[in-house]
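Below is one structure, written out as structure tokens, with a few remarks after it.
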Amino acid sequence: MNKKINITYNVVIIVVSVLIPIIVAILSRVRIRNVAPLDMLPPIYAIINGATAILLVVAVMQIKRGNTRKHQILMKINILLSLLFLIMYIAYHVTSDMATYGGVGISRSIYYFILASHIILSGILVPLVLFTYKHAALGQYAKHRKLAKITFPIWFYVAVTGVVVYLMISPYYN
């Protein structure tokens with residue numbers, strides 16, 4: 001493979017991986033007033049997270065069975081679902097006030113631990129997914145498999161904890 005193309009992909013992945021958390025952090029502080037809050041989005045993006053978790057498992061099962069094409073399709077769907085989640089997450093947060101968790105005691109500690117780990121790992125996940133996908137797209141399958149063994153459990157955890165965070169905070173939405 002052309003080394004210049006590989007370097008170009010790497011630069012793009014790094015730039016995107018840095019920009020996404022910065023943009024999300026900035027936009028999480030922005031509120032568009034005089035716009036109806038998009039209150040219907042949190043359950044939708046919780047469903048997207050749940051679907052992503054399920055499809056990740058199915059994609060792994062497909063590749064273990066040798067169904068490369070089905071695996072590729074499922075992984076592209078997962079990437080699209082993650083992008084859709086990100087768009088909906090931003091849209092919700094620029095139109096709605098942040099919900100505050102109202103639980104007390106141990107449930108509060110558990111919620112904030114899950115939320116913090118979810119947020120931190122989702123930031124780490126962006127470059128992992130993009131590099132894993134790049135290796136597959138460029139036919140670098142040994143690198144793809146090696147990185148996928150790290151990416152999959154993190155992506156799965158982020159998807160599942162996205163649902164858990166929603167279920168825990170949903171009683172406190174306005």
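So you can find residues: chains in the structure tokens are A, B, ... in the order shown, residues in each start at 1, and ligands are numbered from 1 in order.
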Problem set entry | Contacts of stretch 132-140 of chain A within 12 Å, only C-alpha atoms, excl. fewer than 5 positions in-chain, as JSON, numbers by chain | {"A": [1, 2, 3, 5, 6, 7, 8, 9, 10, 11, 12, 13, 68, 69, 71, 72, 73, 75, 76, 78, 79, 125, 126, 127, 145, 146, 147, 148, 149, 150, 151, 152, 155]}
Exercise. What's the 9 Å shell around A:Ile32, counting only C-alpha atoms, without same-chain residues fewer than 5 positions away, as a ChimeraX atom specification?
Worked result: /A:94-96
Restricting it to all heavy atoms, dump the selection as a PDB file, in the first residue's frame.
```pdb
ATOM      1  N   VAL A  94     -28.322  20.696  22.420  1.00  0.00           N
ATOM      2  CA  VAL A  94     -28.369  22.123  22.060  1.00  0.00           C
ATOM      3  C   VAL A  94     -29.793  22.675  22.143  1.00  0.00           C
ATOM      4  O   VAL A  94     -29.977  23.885  22.072  1.00  0.00           O
ATOM      5  CB  VAL A  94     -27.751  22.427  20.670  1.00  0.00           C
ATOM      6  CG1 VAL A  94     -26.286  22.065  20.632  1.00  0.00           C
ATOM      7  CG2 VAL A  94     -28.520  21.774  19.546  1.00  0.00           C
ATOM      8  N   THR A  95     -30.778  21.788  22.317  1.00  0.00           N
ATOM      9  CA  THR A  95     -32.165  22.264  22.414  1.00  0.00           C
ATOM     10  C   THR A  95     -32.778  22.041  23.788  1.00  0.00           C
ATOM     11  O   THR A  95     -33.888  22.504  24.039  1.00  0.00           O
ATOM     12  CB  THR A  95     -33.059  21.556  21.372  1.00  0.00           C
ATOM     13  OG1 THR A  95     -33.088  20.157  21.650  1.00  0.00           O
ATOM     14  CG2 THR A  95     -32.579  21.809  19.961  1.00  0.00           C
ATOM     15  N   SER A  96     -32.093  21.338  24.655  1.00  0.00           N
ATOM     16  CA  SER A  96     -32.682  20.953  25.934  1.00  0.00           C
ATOM     17  C   SER A  96     -31.702  21.196  27.077  1.00  0.00           C
ATOM     18  O   SER A  96     -30.494  21.092  26.894  1.00  0.00           O
ATOM     19  CB  SER A  96     -33.057  19.470  25.915  1.00  0.00           C
ATOM     20  OG  SER A  96     -33.857  19.183  24.788  1.00  0.00           O
TER      21      SER A  96
END
```
Problem set entry | Per-residue DSSP, stretch 77-147 of chain A, filtered to helix (DSSP H, G or I), as a VMD selection string | chain A and resid 77 to 95 106 to 137 141 to 147
Problem set entry | Exercise: A:His118 partners within 7 Å, only C-alpha atoms, chain neighbours under 3 positions left out, as a ChimeraX atom specification | /A:114-115,121-122,158,161-162
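Restricting the calculation to only C-alpha atoms, the smallest distance between A:Val35 and any of A:Gly123, A:Ile106, A:Asn67, A:His93 is found for A:His93.
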For this session: Find the distance between atom CA of A:Val163 and atom CA of A:Ile20 and write it in Å to one decimal.
Result: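 Going from atom CA of A:Val163 over to atom CA of A:Ile20 covers 21.0 Å.
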Problem set entry | Residue contacts of A:Leu84 (12 Å, only C-alpha atoms) excluding same-chain residues fewer than 6 positions away, as a list of chain:residue names |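 Once the adjacent positions are removed, what remains is A:Leu41, A:Ile44, A:Tyr45, A:Ala46, A:Ile47, A:Ile48, A:Asn49, A:Thr52, A:Ile77, A:Asn78, A:Ile90, A:Ala91.
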Suppose we keep all heavy atoms; can you now write the selection as a compact mmCIF listing (two decimals), in the first residue's frame?
```
# COMPACT_ATOMS: atom_id res chain seq x y z
N LEU A 41 -35.65 12.45 21.72
CA LEU A 41 -34.39 11.85 21.27
C LEU A 41 -33.72 10.90 22.27
O LEU A 41 -33.20 9.87 21.85
CB LEU A 41 -33.41 12.93 20.82
CG LEU A 41 -33.78 13.65 19.52
CD1 LEU A 41 -32.72 14.69 19.17
CD2 LEU A 41 -33.98 12.68 18.38
N ILE A 44 -34.66 7.36 21.83
CA ILE A 44 -34.26 6.89 20.50
C ILE A 44 -32.78 6.58 20.48
O ILE A 44 -32.36 5.53 19.99
CB ILE A 44 -34.63 7.93 19.41
CG1 ILE A 44 -36.15 8.06 19.30
CG2 ILE A 44 -34.02 7.53 18.06
CD1 ILE A 44 -36.62 9.21 18.43
N TYR A 45 -31.96 7.46 21.05
CA TYR A 45 -30.53 7.12 21.00
C TYR A 45 -30.16 6.05 22.00
O TYR A 45 -29.16 5.36 21.83
CB TYR A 45 -29.59 8.32 20.95
CG TYR A 45 -29.61 9.38 22.01
CD1 TYR A 45 -29.19 9.15 23.30
CD2 TYR A 45 -29.96 10.69 21.68
CE1 TYR A 45 -29.16 10.15 24.25
CE2 TYR A 45 -29.92 11.71 22.62
CZ TYR A 45 -29.52 11.42 23.91
OH TYR A 45 -29.46 12.42 24.83
N ALA A 46 -30.99 5.80 23.02
CA ALA A 46 -30.78 4.62 23.88
C ALA A 46 -31.06 3.35 23.07
O ALA A 46 -30.32 2.36 23.18
CB ALA A 46 -31.67 4.69 25.11
N ILE A 47 -32.11 3.38 22.25
CA ILE A 47 -32.41 2.24 21.38
C ILE A 47 -31.27 2.03 20.38
O ILE A 47 -30.88 0.88 20.11
CB ILE A 47 -33.77 2.45 20.66
CG1 ILE A 47 -34.90 2.37 21.68
CG2 ILE A 47 -33.95 1.45 19.52
CD1 ILE A 47 -36.24 2.85 21.17
N ILE A 48 -30.73 3.12 19.86
CA ILE A 48 -29.60 3.01 18.93
C ILE A 48 -28.41 2.35 19.62
O ILE A 48 -27.74 1.48 19.05
CB ILE A 48 -29.22 4.39 18.35
CG1 ILE A 48 -30.29 4.85 17.37
CG2 ILE A 48 -27.85 4.37 17.70
CD1 ILE A 48 -30.13 6.27 16.88
N ASN A 49 -28.14 2.74 20.87
CA ASN A 49 -27.05 2.11 21.62
C ASN A 49 -27.31 0.62 21.82
O ASN A 49 -26.41 -0.21 21.66
CB ASN A 49 -26.86 2.79 22.97
CG ASN A 49 -25.93 3.97 22.91
OD1 ASN A 49 -24.94 3.95 22.19
ND2 ASN A 49 -26.23 5.01 23.66
N THR A 52 -26.80 -1.16 18.59
CA THR A 52 -25.36 -1.24 18.30
C THR A 52 -24.73 -2.39 19.07
O THR A 52 -23.96 -3.18 18.51
CB THR A 52 -24.66 0.09 18.64
OG1 THR A 52 -25.22 1.13 17.82
CG2 THR A 52 -23.17 0.02 18.42
N ILE A 77 -23.07 -0.66 9.38
CA ILE A 77 -24.31 -0.25 10.04
C ILE A 77 -23.99 0.29 11.43
O ILE A 77 -24.53 1.32 11.84
CB ILE A 77 -25.33 -1.40 10.10
CG1 ILE A 77 -25.84 -1.73 8.69
CG2 ILE A 77 -26.48 -1.07 11.05
CD1 ILE A 77 -26.65 -3.02 8.60
N ASN A 78 -23.11 -0.39 12.16
CA ASN A 78 -22.73 0.08 13.50
C ASN A 78 -22.08 1.45 13.46
O ASN A 78 -22.34 2.29 14.32
CB ASN A 78 -21.80 -0.93 14.18
CG ASN A 78 -22.56 -2.06 14.81
OD1 ASN A 78 -23.63 -1.86 15.38
ND2 ASN A 78 -22.02 -3.26 14.73
N ILE A 90 -26.10 15.52 20.06
CA ILE A 90 -25.81 16.95 19.95
C ILE A 90 -27.11 17.74 19.78
O ILE A 90 -27.31 18.76 20.45
CB ILE A 90 -24.82 17.23 18.80
CG1 ILE A 90 -23.44 16.67 19.15
CG2 ILE A 90 -24.75 18.72 18.49
CD1 ILE A 90 -22.45 16.66 17.99
N ALA A 91 -28.00 17.26 18.90
CA ALA A 91 -29.27 17.96 18.67
C ALA A 91 -30.07 18.08 19.97
O ALA A 91 -30.64 19.14 20.25
CB ALA A 91 -30.08 17.23 17.61
```
For this session: Would you please work out which residue, of A:Val15, A:Asp97, A:Leu56, A:Gly103, is nearest to A:Ser28 when using only C-alpha atoms?
Result: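 The answer is A:Asp97, which sits nearest to A:Ser28.
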Exercise. So, counting only C-alpha atoms, which residue among A:Ala36, A:Leu81, A:Ala53, A:Ile87 is closest to A:Pro153?
Worked result: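 The shortest atom-to-atom distance to A:Pro153 comes from A:Ala53.
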Exercise. Using only C-alpha atoms, which of A:Leu55, A:Ala116, A:Tyr89, A:Arg65 sits nearest A:Ala159?
Worked result: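 Closest to A:Ala159, using only C-alpha atoms: A:Leu55.
For the pair atom CA of A:Val60 and atom CA of A:His144, the separation is 12.9 Å.
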For this session: Between A:Leu167, A:Leu83, A:Val160, A:Ile63, single out the one closest to A:Val129, counting only C-alpha atoms.
Result: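 The closest residue to A:Val129 is A:Leu83.
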